[in-house]
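File shown here: work28.cif, holding mmCIF, C-alpha atoms.
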```cif
data_data
#
loop_
_atom_site.label_atom_id
_atom_site.label_comp_id
_atom_site.auth_asym_id
_atom_site.auth_seq_id
_atom_site.Cartn_x
_atom_site.Cartn_y
_atom_site.Cartn_z
CA MET A 1 9.69 3.55 -20.72
CA ASN A 2 8.28 2.34 -17.41
CA ASN A 3 4.75 3.08 -16.23
CA ILE A 4 4.05 4.08 -12.63
CA THR A 5 0.92 2.18 -11.59
CA VAL A 6 -1.22 2.06 -8.47
CA PRO A 7 -0.33 -1.17 -6.64
CA ALA A 8 -2.76 -3.61 -5.03
CA MET A 9 -3.34 -2.62 -1.39
CA GLY A 10 -5.54 -5.34 0.11
CA GLU A 11 -8.81 -7.05 -0.70
CA SER A 12 -11.06 -4.33 0.69
CA ILE A 13 -9.26 -1.40 -1.02
CA THR A 14 -9.98 -0.69 -4.68
CA GLU A 15 -8.95 2.95 -5.01
CA GLY A 16 -6.98 5.75 -3.36
CA THR A 17 -6.24 9.45 -3.59
CA ILE A 18 -2.91 10.96 -4.59
CA TYR A 19 -1.87 12.81 -1.44
CA LYS A 20 1.49 14.23 -2.54
CA TRP A 21 4.02 13.91 -5.34
CA HIS A 22 7.58 14.01 -3.96
CA VAL A 23 9.18 14.58 -7.37
CA LYS A 24 8.45 16.81 -10.36
CA GLU A 25 8.45 16.16 -14.07
CA GLY A 26 12.01 16.14 -15.34
CA ASP A 27 13.55 15.05 -12.03
CA SER A 28 16.05 12.21 -11.98
CA VAL A 29 15.01 9.25 -9.84
CA ASN A 30 16.85 6.16 -8.65
CA LEU A 31 15.56 2.70 -7.89
CA GLY A 32 13.75 2.78 -4.55
CA ASP A 33 13.23 6.57 -4.42
CA ILE A 34 9.83 7.65 -3.05
CA LEU A 35 7.81 9.06 -5.93
CA LEU A 36 4.48 9.86 -4.30
CA GLU A 37 2.26 9.24 -1.31
CA LEU A 38 -1.13 7.59 -1.83
CA GLU A 39 -3.93 8.04 0.69
CA THR A 40 -6.40 5.17 1.13
CA ASP A 41 -9.39 4.62 3.38
CA LYS A 42 -7.15 3.23 6.12
CA VAL A 43 -3.48 4.12 5.66
CA ASN A 44 -1.12 6.18 3.51
CA LEU A 45 1.21 4.23 1.20
CA GLU A 46 4.43 5.32 -0.45
CA ILE A 47 5.04 4.33 -4.08
CA SER A 48 8.72 3.92 -5.01
CA ALA A 49 10.58 3.99 -8.33
CA GLU A 50 11.17 0.54 -9.83
CA GLN A 51 14.12 1.68 -11.96
CA ASP A 52 16.58 4.52 -12.52
CA GLY A 53 15.59 7.22 -14.94
CA VAL A 54 13.78 10.53 -15.35
CA LEU A 55 10.17 11.23 -14.39
CA GLU A 56 8.95 12.04 -17.88
CA LYS A 57 5.23 12.59 -17.21
CA ILE A 58 2.82 12.93 -14.29
CA LEU A 59 -0.58 11.77 -15.54
CA ARG A 60 -2.63 12.20 -12.34
CA GLN A 61 -2.34 15.15 -9.98
CA GLU A 62 -2.53 15.57 -6.20
CA GLY A 63 -6.13 15.14 -5.03
CA ASP A 64 -7.13 12.85 -7.91
CA THR A 65 -8.85 9.56 -7.11
CA VAL A 66 -7.11 6.63 -8.81
CA GLN A 67 -7.95 2.94 -9.22
CA ILE A 68 -5.81 -0.11 -8.54
CA GLY A 69 -3.64 -0.79 -11.61
CA GLU A 70 -4.16 2.67 -13.11
CA VAL A 71 -1.15 4.34 -14.78
CA ILE A 72 -0.41 7.62 -13.01
CA GLY A 73 3.00 8.54 -14.45
CA ARG A 74 5.89 7.45 -16.64
CA ILE A 75 9.63 7.09 -16.08
CA GLN A 76 12.05 7.31 -19.01
CA SER A 77 14.86 4.84 -18.36
CA GLY A 78 18.46 5.90 -18.93
CA GLY A 79 17.61 9.59 -19.18
CA GLU A 80 19.13 12.45 -17.25
CA ALA A 81 17.48 15.56 -15.92
CA ALA A 82 18.69 18.83 -17.39
CA SER A 83 21.33 20.30 -15.08
CA VAL A 84 21.79 23.94 -14.24
CA GLY A 85 25.09 23.98 -16.10
CA GLU A 86 23.50 22.64 -19.28
CA SER A 87 20.65 25.10 -19.17
CA SER A 88 23.05 28.00 -18.71
CA THR A 89 25.17 27.06 -21.76
CA LYS A 90 22.25 26.51 -24.10
CA GLU A 91 20.87 29.75 -25.44
CA PRO A 92 17.15 30.04 -26.22
CA ALA A 93 16.37 29.77 -29.90
CA HIS A 94 14.90 33.26 -30.10
CA ILE A 95 18.11 34.99 -28.91
CA GLU A 96 20.33 35.19 -31.99
CA ASP A 97 22.50 38.18 -31.18
CA LYS A 98 23.24 39.54 -27.72
CA LYS A 99 23.93 42.90 -29.33
CA GLN A 100 20.47 42.99 -30.86
CA PRO A 101 18.45 46.06 -29.72
CA ALA A 102 16.30 45.39 -26.63
CA ALA A 103 13.03 46.20 -28.37
CA GLN A 104 13.85 43.87 -31.26
CA GLN A 105 14.89 41.06 -28.84
CA LYS A 106 11.55 41.41 -26.99
CA ALA A 107 9.55 41.26 -30.22
CA THR A 108 11.47 38.18 -31.35
CA ALA A 109 10.90 36.47 -28.00
CA VAL A 110 7.16 37.17 -28.06
CA ALA A 111 6.86 35.86 -31.60
CA THR A 112 8.77 32.69 -30.74
CA MET A 113 6.65 32.11 -27.65
CA THR A 114 3.48 32.58 -29.68
CA ARG A 115 4.60 29.91 -32.15
CA SER A 116 5.88 27.32 -29.64
CA GLU A 117 3.63 27.76 -26.60
CA GLN A 118 0.26 28.58 -28.08
CA PRO A 119 -2.35 26.86 -25.83
CA SER A 120 -5.19 24.82 -27.21
CA ALA A 121 -8.69 26.29 -27.06
CA SER A 122 -11.38 25.14 -24.57
CA ALA A 123 -11.26 24.30 -20.88
CA ASP A 124 -8.42 21.83 -21.49
CA SER A 125 -6.05 24.78 -21.97
CA ALA A 126 -5.71 24.85 -18.19
CA SER A 127 -4.60 21.21 -18.06
CA PHE A 128 -1.52 22.19 -16.08
CA LEU A 129 -3.78 23.25 -13.22
CA ALA A 130 -4.29 20.81 -10.35
CA ALA A 131 -7.87 19.85 -11.15
CA SER A 132 -9.68 16.55 -10.68
CA PRO A 133 -10.95 14.66 -13.75
CA SER A 134 -14.57 15.29 -12.76
CA ALA A 135 -13.83 19.02 -12.51
CA ARG A 136 -12.30 19.04 -16.00
CA LYS A 137 -15.25 17.13 -17.43
CA LEU A 138 -17.79 19.52 -15.91
CA ALA A 139 -15.76 22.52 -17.10
CA ARG A 140 -15.79 21.18 -20.69
CA GLU A 141 -19.53 20.53 -20.56
CA ARG A 142 -20.31 24.05 -19.32
CA GLY A 143 -17.68 25.84 -21.39
CA ILE A 144 -15.80 27.13 -18.36
CA ASP A 145 -12.14 28.11 -18.43
CA LEU A 146 -10.54 26.49 -15.36
CA GLU A 147 -8.20 29.47 -15.01
CA GLN A 148 -11.23 31.64 -14.20
CA VAL A 149 -12.34 29.42 -11.32
CA GLN A 150 -11.34 31.26 -8.15
CA ASP A 151 -13.00 28.86 -5.68
CA ARG A 152 -10.25 26.36 -4.79
CA ASP A 153 -8.93 24.50 -1.77
CA THR A 154 -6.00 25.70 0.33
CA LYS A 155 -3.49 24.11 -2.07
CA GLY A 156 -5.03 25.72 -5.14
CA ARG A 157 -6.64 22.51 -6.39
CA ILE A 158 -9.96 22.56 -8.25
CA TYR A 159 -12.73 20.00 -7.71
CA GLN A 160 -16.12 19.41 -9.30
CA GLU A 161 -17.85 21.39 -6.55
CA ASN A 162 -15.61 24.42 -7.24
CA VAL A 163 -16.53 24.37 -10.94
CA ARG A 164 -20.24 24.02 -10.09
CA ASN A 165 -20.06 26.94 -7.64
CA HIS A 166 -18.33 29.07 -10.27
CA SER A 167 -20.99 28.18 -12.85
CA GLU A 168 -23.86 29.00 -10.48
CA SER A 169 -22.20 32.24 -9.42
CA SER A 170 -21.76 33.29 -13.05
CA SER A 171 -25.41 32.43 -13.79
CA ASP A 172 -26.60 34.46 -10.81
CA GLN A 173 -24.53 37.44 -11.87
CA LEU A 174 -25.83 37.21 -15.45
CA SER A 175 -29.44 36.92 -14.24
CA SER A 176 -28.99 39.81 -11.84
CA SER A 177 -27.46 41.96 -14.56
CA SER A 178 -30.28 41.11 -17.00
CA ASN A 179 -32.99 41.85 -14.44
CA GLY A 180 -31.34 45.15 -13.60
CA GLN A 181 -31.27 46.19 -17.26
CA ASP A 182 -34.96 45.30 -17.68
CA LYS A 183 -35.97 47.28 -14.63
CA ALA A 184 -33.94 50.25 -15.81
CA LYS A 185 -35.92 50.30 -19.06
CA LEU A 186 -39.27 50.22 -17.26
CA SER A 187 -38.67 52.85 -14.59
CA PRO A 188 -36.57 55.97 -14.20
CA PRO A 189 -33.60 55.86 -11.87
CA ALA A 190 -34.40 56.68 -8.26
CA VAL A 191 -32.20 57.78 -5.40
CA VAL A 192 -32.21 55.04 -2.76
CA ALA A 193 -30.65 55.48 0.67
CA ALA A 194 -27.79 53.12 1.32
CA LYS A 195 -28.94 50.26 3.53
CA PRO A 196 -26.21 48.53 5.47
CA GLU A 197 -26.33 44.81 4.92
CA PHE A 198 -24.18 42.05 6.42
CA ALA A 199 -24.14 39.04 4.16
CA GLU A 200 -23.33 35.76 5.84
CA ASN A 201 -20.91 34.80 3.11
CA SER A 202 -18.84 37.89 3.84
CA LYS A 203 -17.66 36.36 7.11
CA PRO A 204 -14.17 34.85 7.00
CA THR A 205 -14.26 31.12 6.32
CA VAL A 206 -11.79 28.41 5.38
CA ARG A 207 -12.90 25.60 3.07
CA GLU A 208 -10.89 22.40 3.27
CA ARG A 209 -11.55 19.18 1.42
CA MET A 210 -11.98 16.13 3.65
CA SER A 211 -9.07 13.74 3.57
CA ARG A 212 -9.98 10.38 2.13
CA ARG A 213 -9.66 8.75 5.55
CA ARG A 214 -11.87 11.35 7.24
CA ALA A 215 -14.52 10.91 4.53
CA THR A 216 -14.37 7.13 4.99
CA ILE A 217 -14.68 7.46 8.78
CA ALA A 218 -17.74 9.66 8.33
CA LYS A 219 -19.30 7.21 5.89
CA ARG A 220 -18.69 4.17 8.12
CA LEU A 221 -20.02 5.85 11.26
CA VAL A 222 -23.23 6.88 9.53
CA GLU A 223 -23.55 3.40 8.02
CA ALA A 224 -23.09 1.81 11.47
CA GLN A 225 -25.87 3.92 12.94
CA ARG A 226 -28.11 3.22 9.95
CA THR A 227 -27.65 -0.56 9.74
CA ALA A 228 -27.16 -1.67 13.37
CA ALA A 229 -29.75 -1.63 16.15
CA MET A 230 -27.26 0.08 18.40
CA LEU A 231 -27.82 0.44 22.13
CA THR A 232 -25.50 1.45 24.99
CA THR A 233 -25.42 0.26 28.60
CA PHE A 234 -23.30 1.78 31.39
CA ASN A 235 -21.61 0.77 34.61
CA GLU A 236 -18.80 2.06 36.83
CA VAL A 237 -15.59 0.47 38.03
CA ASP A 238 -13.74 1.03 41.28
CA MET A 239 -10.13 1.34 40.09
CA THR A 240 -8.60 1.11 43.58
CA ALA A 241 -7.16 -2.39 43.17
CA ILE A 242 -5.64 -1.72 39.74
CA LEU A 243 -4.09 1.56 40.88
CA ASP A 244 -2.65 -0.24 43.91
CA ILE A 245 -1.07 -2.95 41.72
CA ARG A 246 0.39 -0.36 39.36
CA LYS A 247 1.80 1.61 42.27
CA ARG A 248 3.48 -1.46 43.78
CA ARG A 249 4.56 -3.23 40.59
CA LYS A 250 5.08 -0.50 38.01
CA GLN A 251 8.82 0.01 38.49
CA ALA A 252 9.67 -3.70 38.70
CA PHE A 253 7.47 -4.37 35.66
CA GLN A 254 9.28 -1.66 33.70
CA GLU A 255 12.72 -2.97 34.64
CA LYS A 256 11.85 -6.57 33.78
CA HIS A 257 9.92 -6.09 30.54
CA ASP A 258 11.19 -2.68 29.35
CA VAL A 259 7.61 -1.45 28.93
CA GLY A 260 5.24 0.47 31.19
CA LEU A 261 2.32 -1.16 32.98
CA GLY A 262 -0.72 0.77 31.77
CA PHE A 263 -4.46 0.32 32.04
CA MET A 264 -5.03 -1.15 28.57
CA SER A 265 -3.59 -4.57 29.43
CA PHE A 266 -6.02 -4.91 32.36
CA PHE A 267 -8.99 -3.90 30.20
CA THR A 268 -7.93 -6.14 27.29
CA LYS A 269 -7.67 -9.16 29.60
CA ALA A 270 -11.03 -8.33 31.23
CA VAL A 271 -12.71 -8.02 27.81
CA VAL A 272 -11.28 -11.36 26.65
CA GLY A 273 -12.55 -13.04 29.83
CA ALA A 274 -16.02 -11.55 29.39
CA LEU A 275 -16.13 -12.50 25.69
CA LYS A 276 -15.47 -16.12 26.62
CA LYS A 277 -18.54 -16.02 28.86
CA PHE A 278 -20.73 -14.13 26.35
CA PRO A 279 -19.58 -15.24 22.87
CA LEU A 280 -22.29 -13.38 20.93
CA LEU A 281 -20.41 -10.15 21.61
CA ASN A 282 -17.47 -11.68 19.73
CA ALA A 283 -19.54 -12.36 16.63
CA GLU A 284 -20.80 -10.65 13.49
CA ILE A 285 -23.87 -10.87 11.27
CA ASP A 286 -23.49 -12.34 7.77
CA GLY A 287 -26.85 -12.14 6.01
CA GLU A 288 -29.15 -14.27 8.12
CA ASP A 289 -26.27 -16.11 9.82
CA ILE A 290 -24.40 -15.32 13.02
CA VAL A 291 -20.66 -15.95 12.78
CA ILE A 292 -19.27 -16.58 16.29
CA LYS A 293 -15.50 -16.21 16.42
CA LYS A 294 -13.45 -18.49 18.65
CA TYR A 295 -10.42 -16.21 18.62
CA TYR A 296 -9.92 -12.81 20.26
CA ASP A 297 -8.37 -10.11 18.06
CA ILE A 298 -9.00 -6.93 20.04
CA GLY A 299 -9.02 -3.58 18.23
CA ILE A 300 -7.60 -0.61 20.15
CA ALA A 301 -8.86 2.77 18.91
CA VAL A 302 -6.02 5.29 18.44
CA SER A 303 -6.41 8.97 17.61
CA ALA A 304 -4.06 9.95 14.77
CA LYS A 305 -3.62 13.19 12.82
CA GLU A 306 -5.78 12.07 9.91
CA GLY A 307 -8.50 10.59 12.14
CA LEU A 308 -9.30 7.59 14.30
CA VAL A 309 -7.74 4.24 13.38
CA VAL A 310 -8.21 0.86 15.08
CA PRO A 311 -5.11 -1.37 14.91
CA VAL A 312 -5.64 -4.92 16.13
CA VAL A 313 -3.91 -6.88 18.90
CA ARG A 314 -3.92 -10.44 17.53
CA ASP A 315 -4.69 -13.46 19.74
CA ALA A 316 -4.97 -11.32 22.87
CA GLU A 317 -5.98 -14.35 24.93
CA ARG A 318 -2.51 -15.83 24.43
CA LEU A 319 -0.57 -12.71 25.39
CA GLY A 320 0.68 -11.69 28.80
CA PHE A 321 0.37 -8.20 30.24
CA ALA A 322 3.82 -7.14 28.99
CA GLU A 323 3.15 -8.45 25.47
CA ILE A 324 -0.18 -6.62 25.31
CA GLU A 325 1.35 -3.34 26.51
CA ARG A 326 4.26 -3.65 24.08
CA THR A 327 2.01 -4.50 21.12
CA ILE A 328 -0.37 -1.61 21.85
CA GLY A 329 2.57 0.78 22.20
CA GLU A 330 4.04 -0.28 18.86
CA LEU A 331 0.70 -0.07 17.03
CA ALA A 332 -0.10 3.34 18.53
CA GLY A 333 3.32 4.63 17.46
CA LYS A 334 2.77 3.40 13.91
CA ALA A 335 -0.70 4.97 13.85
CA ARG A 336 0.66 8.38 14.81
CA THR A 337 3.47 8.20 12.22
CA ASN A 338 1.10 6.85 9.56
CA THR A 339 3.13 3.67 9.02
CA LEU A 340 0.51 1.01 9.81
CA ASN A 341 0.11 -1.87 7.37
CA ILE A 342 -3.31 -2.86 6.06
CA SER A 343 -3.01 -6.23 7.80
CA GLU A 344 -2.63 -4.47 11.17
CA LEU A 345 -6.04 -2.83 10.72
CA GLN A 346 -8.14 -5.72 9.48
CA GLY A 347 -10.06 -8.51 11.17
CA GLY A 348 -10.73 -7.29 14.71
CA THR A 349 -13.48 -9.09 16.68
CA PHE A 350 -14.14 -6.49 19.39
CA THR A 351 -12.96 -2.91 20.03
CA ILE A 352 -11.87 -0.90 23.06
CA THR A 353 -11.79 2.92 22.92
CA ASN A 354 -10.41 5.17 25.65
CA GLY A 355 -11.90 8.65 25.68
CA GLY A 356 -10.57 9.13 29.18
CA VAL A 357 -7.15 10.15 27.87
CA PHE A 358 -8.83 13.32 26.56
CA GLY A 359 -10.83 13.91 29.74
CA SER A 360 -14.14 12.34 28.70
CA LEU A 361 -16.28 11.40 31.69
CA LEU A 362 -19.03 9.58 29.76
CA SER A 363 -19.81 8.74 26.14
CA THR A 364 -21.71 6.34 23.87
CA PRO A 365 -19.16 4.77 21.50
CA ILE A 366 -20.24 3.87 17.96
CA LEU A 367 -19.79 0.30 16.71
CA ASN A 368 -16.82 -0.56 14.54
CA THR A 369 -18.85 -2.62 12.05
CA PRO A 370 -19.14 -5.51 11.32
CA GLN A 371 -18.27 -6.02 15.00
CA VAL A 372 -21.26 -6.06 17.35
CA GLY A 373 -19.62 -4.71 20.51
CA ILE A 374 -17.35 -1.86 21.62
CA LEU A 375 -16.24 -0.94 25.14
CA GLY A 376 -15.70 2.70 26.08
CA MET A 377 -13.27 3.66 28.86
CA HIS A 378 -13.40 7.08 30.51
CA LYS A 379 -11.63 9.38 32.92
CA ILE A 380 -10.75 8.13 36.42
CA GLN A 381 -12.26 10.51 38.95
CA LEU A 382 -12.42 10.53 42.73
CA ARG A 383 -16.04 10.22 43.86
CA PRO A 384 -17.65 9.56 47.26
CA ILE A 385 -18.77 5.92 47.39
CA ALA A 386 -20.88 4.27 50.08
CA ILE A 387 -18.85 1.37 51.46
CA ASP A 388 -21.66 0.24 53.76
CA GLN A 389 -24.60 1.86 55.56
CA GLU A 390 -22.31 3.90 57.78
CA ARG A 391 -19.06 4.50 55.86
CA MET A 392 -18.28 6.56 52.78
CA GLU A 393 -14.92 6.85 51.05
CA ASN A 394 -13.50 8.76 48.13
CA ARG A 395 -12.67 6.13 45.51
CA PRO A 396 -11.08 6.40 42.02
CA MET A 397 -14.05 5.55 39.83
CA MET A 398 -14.39 5.11 36.07
CA TYR A 399 -17.59 4.97 34.04
CA ILE A 400 -17.50 2.27 31.36
CA ALA A 401 -19.91 1.98 28.43
CA LEU A 402 -20.79 -0.95 26.18
CA SER A 403 -22.42 -0.24 22.83
CA TYR A 404 -23.80 -3.37 21.18
CA ASP A 405 -25.90 -4.51 18.24
CA HIS A 406 -29.31 -5.38 19.66
CA ARG A 407 -30.09 -7.52 16.61
CA ILE A 408 -28.13 -10.45 18.07
CA VAL A 409 -27.21 -9.30 21.59
CA ASP A 410 -30.03 -9.05 24.13
CA GLY A 411 -30.02 -6.34 26.76
CA SER A 412 -29.59 -8.81 29.64
CA GLU A 413 -26.56 -10.36 27.96
CA ALA A 414 -24.99 -6.96 27.35
CA VAL A 415 -25.55 -5.89 30.96
CA ARG A 416 -24.07 -9.14 32.30
CA PHE A 417 -21.08 -8.79 29.98
CA LEU A 418 -20.37 -5.32 31.37
CA VAL A 419 -20.81 -6.55 34.95
CA ALA A 420 -18.29 -9.32 34.23
CA VAL A 421 -15.78 -6.75 32.96
CA LYS A 422 -16.39 -4.63 36.06
CA GLU A 423 -15.92 -7.55 38.48
CA MET A 424 -12.67 -8.71 36.86
CA LEU A 425 -11.23 -5.19 36.92
CA GLU A 426 -12.11 -4.76 40.58
CA ASP A 427 -10.50 -8.15 41.33
CA PRO A 428 -7.39 -8.10 39.10
CA GLU A 429 -6.22 -11.52 40.29
CA SER A 430 -9.19 -13.04 38.46
CA LEU A 431 -7.73 -11.74 35.18
CA LEU A 432 -5.02 -14.41 35.43
CA LEU A 433 -7.76 -17.06 35.47
CA GLU A 434 -10.45 -15.58 33.21
CA GLY A 435 -8.43 -13.50 30.73
#
```

Would you mind giving the structure from this file in structure tokens?
Amino acid sequence: MNNITVPAMGESITEGTIYKWHVKEGDSVNLGDILLELETDKVNLEISAEQDGVLEKILRQEGDTVQIGEVIGRIQSGGEAASVGESSTKEPAHIEDKKQPAAQQKATAVATMTRSEQPSASADSASFLAASPSARKLARERGIDLEQVQDRDTKGRIYQENVRNHSESSSDQLSSSSNGQDKAKLSPPAVVAAKPEFAENSKPTVRERMSRRRATIAKRLVEAQRTAAMLTTFNEVDMTAILDIRKRRKQAFQEKHDVGLGFMSFFTKAVVGALKKFPLLNAEIDGEDIVIKKYYDIGIAVSAKEGLVVPVVRDAERLGFAEIERTIGELAGKARTNTLNISELQGGTFTITNGGVFGSLLSTPILNTPQVGILGMHKIQLRPIAIDQERMENRPMMYIALSYDHRIVDGSEAVRFLVAVKEMLEDPESLLLEG
């Protein structure tokens, strides 16, 4: 017998949620087969079989929260799953004679089923239902049969909130019924004209449980706004020079390095150069201490199906444009296929987010704590710009935003940081010196 346990997944992760079982009880499994998918705060992990055998028991269901080291199933070594051929040759115990009258066969089958499959009393009789442990506990405490709970998520799973809603609904119905009976005793029935009512809860709705990652994102964003003295400053960048370089060099760059020349390498280099000049934006707060980091691991926000993730480009100051573009491309691909490792998401010192790819013209990005700075990129848009007192030109302009923690970064420092980023982007040659 071999237990299936939740593996260690990094120092900051202590629990996860079972997202999906890929096998069922009784299935044969081989060494290395994927048994289930576990959803954590940051990534989804696949748990594989450590031996050949048969999945004898699933102890925790999809949607359950499990702890590191917890046993969630068992594999019986050396066993074999029942095949279709075997099941077709073995006759059920209650069928003794195929010539037995139909009515008598049915009675025998019912009697046998009553003896062998009689469920235990109480809410635990619905243990085969996909219900979370907290839902089962609440059902036992309130004497509720889980089979009667109609309020479930889209996959038919039952959570504590569903049981509570069922209990409150039953109480309201009981109270309403009791009040109606009392009123009937006190007054004779009266004919009341039907009054059309439109209850809000009669409108079509879909209730979906937050994924673990979405719930974690929500928690961290609220925590960032609650704990940090967050402020945002804005500027705009004339993208003419960068667009000109990309137009002239893009094809040769692609042929030489086998990767496209995008905007992110320019912005990453500009951020690194500005962080060297203003190191407090590359720091974090630890109690009453300020920890200033002398390395530049730049997080790049990527929108994935399950929510925003921020993989990290390590030692960005040592990388060339091609290496930055290639690394960002690989990390973004992993983010969208949900194959990022925990190590690829931890330890960033500063973050860049690009809302411009979705058409955003202006925004105030939220800090990726414990970092104290985040740069927001936006859509490039042609706007009339005064070149001098007499000339105006249409230039490709981008608004950029810097959100920062005012507890350790003063406003003047934040503004000068953003000006430094702007000046390096408008003079890309300086990126070779400063970035």

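For the choices A:Phe234, A:Ser360, A:Glu323, A:Ala241, the atom-to-atom distance to Asp258 (chain A) is smallest for A:Glu323 when using only C-alpha atoms.
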
Query raised in the report: Written as JSON, numbers by chain, what is the full residue list that the PyMOL selection byres ((chain A and resi 297-311) around 8) yields on the file shown?
Result: {"A": [42, 211, 213, 214, 217, 268, 295, 296, 312, 313, 314, 315, 316, 328, 331, 332, 335, 336, 338, 340, 344, 345, 346, 347, 348, 349, 350, 351, 352, 353, 354]}

Query - Separation of CA of Glu56 (chain A) from CA of Asn44 (chain A) in Å - result: 24.4 Å

Report task. Take the PyMOL selection byres ((chain A and resi 1-5) around 10), apply it to the structure above, and return the hits as a ChimeraX atom specification. Result -> /A:6-8,35,47-59,66-78

Restricting it to C-alpha atoms, dump the selection as a PDB file, in the coordinates of the input.
```
ATOM      1  CA  VAL A   6      -1.220   2.060  -8.470  1.00  0.00           C
ATOM      2  CA  PRO A   7      -0.330  -1.170  -6.640  1.00  0.00           C
ATOM      3  CA  ALA A   8      -2.760  -3.610  -5.030  1.00  0.00           C
ATOM      4  CA  LEU A  35       7.810   9.060  -5.930  1.00  0.00           C
ATOM      5  CA  ILE A  47       5.040   4.330  -4.080  1.00  0.00           C
ATOM      6  CA  SER A  48       8.720   3.920  -5.010  1.00  0.00           C
ATOM      7  CA  ALA A  49      10.580   3.990  -8.330  1.00  0.00           C
ATOM      8  CA  GLU A  50      11.170   0.540  -9.830  1.00  0.00           C
ATOM      9  CA  GLN A  51      14.120   1.680 -11.960  1.00  0.00           C
ATOM     10  CA  ASP A  52      16.580   4.520 -12.520  1.00  0.00           C
ATOM     11  CA  GLY A  53      15.590   7.220 -14.940  1.00  0.00           C
ATOM     12  CA  VAL A  54      13.780  10.530 -15.350  1.00  0.00           C
ATOM     13  CA  LEU A  55      10.170  11.230 -14.390  1.00  0.00           C
ATOM     14  CA  GLU A  56       8.950  12.040 -17.880  1.00  0.00           C
ATOM     15  CA  LYS A  57       5.230  12.590 -17.210  1.00  0.00           C
ATOM     16  CA  ILE A  58       2.820  12.930 -14.290  1.00  0.00           C
ATOM     17  CA  LEU A  59      -0.580  11.770 -15.540  1.00  0.00           C
ATOM     18  CA  VAL A  66      -7.110   6.630  -8.810  1.00  0.00           C
ATOM     19  CA  GLN A  67      -7.950   2.940  -9.220  1.00  0.00           C
ATOM     20  CA  ILE A  68      -5.810  -0.110  -8.540  1.00  0.00           C
ATOM     21  CA  GLY A  69      -3.640  -0.790 -11.610  1.00  0.00           C
ATOM     22  CA  GLU A  70      -4.160   2.670 -13.110  1.00  0.00           C
ATOM     23  CA  VAL A  71      -1.150   4.340 -14.780  1.00  0.00           C
ATOM     24  CA  ILE A  72      -0.410   7.620 -13.010  1.00  0.00           C
ATOM     25  CA  GLY A  73       3.000   8.540 -14.450  1.00  0.00           C
ATOM     26  CA  ARG A  74       5.890   7.450 -16.640  1.00  0.00           C
ATOM     27  CA  ILE A  75       9.630   7.090 -16.080  1.00  0.00           C
ATOM     28  CA  GLN A  76      12.050   7.310 -19.010  1.00  0.00           C
ATOM     29  CA  SER A  77      14.860   4.840 -18.360  1.00  0.00           C
ATOM     30  CA  GLY A  78      18.460   5.900 -18.930  1.00  0.00           C
TER      31      GLY A  78
END
```

Query raised in the report: Within 10 Å of Ala420 (chain A), counting all atoms listed in the file, which residues qualify if same-chain residues fewer than 4 places away don't, as a ChimeraX atom specification?
Result: /A:270-271,273-275,277-278,414-416,424-426

What does the PyMOL selection byres ((chain A and resi 371-374) around 6) select in this file, as a compact mmCIF listing (two decimals) with C-alpha atoms, in the coordinates of the input?
```
# COMPACT_ATOMS: atom_id res chain seq x y z
CA LEU A 281 -20.41 -10.15 21.61
CA GLU A 284 -20.80 -10.65 13.49
CA THR A 349 -13.48 -9.09 16.68
CA PHE A 350 -14.14 -6.49 19.39
CA THR A 351 -12.96 -2.91 20.03
CA ILE A 352 -11.87 -0.90 23.06
CA LEU A 367 -19.79 0.30 16.71
CA ASN A 368 -16.82 -0.56 14.54
CA THR A 369 -18.85 -2.62 12.05
CA PRO A 370 -19.14 -5.51 11.32
CA LEU A 375 -16.24 -0.94 25.14
CA LEU A 402 -20.79 -0.95 26.18
CA SER A 403 -22.42 -0.24 22.83
CA TYR A 404 -23.80 -3.37 21.18
CA ASP A 405 -25.90 -4.51 18.24
```

Query raised in the report: Looking at A:Glu46, A:Leu362, A:Lys137, A:Thr40, which one is nearest to Ala215 (chain A), with distances taken over all atoms listed in the file?
Result: A:Thr40

Requested in this report: Kindly indicate which residue among A:Arg407, A:Arg391, A:Arg249, A:Arg318 lies nearest to Glu288 (chain A), using all atoms listed in the file for the distances.
Outcome: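 Smallest distance to Glu288 (chain A) is found for A:Arg407.
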
Query raised in the report: Expressed in Å to a single decimal, how great is the separation between CA of Ile285 (chain A) and CA of Pro365 (chain A)?
Result: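 Distance reported for this atom pair: 19.3 Å.
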
Requested in this report: Name the residues in contact with Asp238 (chain A) at a cut-off of 7 Å, using all atoms listed in the file, excluding same-chain residues fewer than 3 positions from it; report them as a VMD selection string.
Outcome: chain A and resid 395 to 398 426
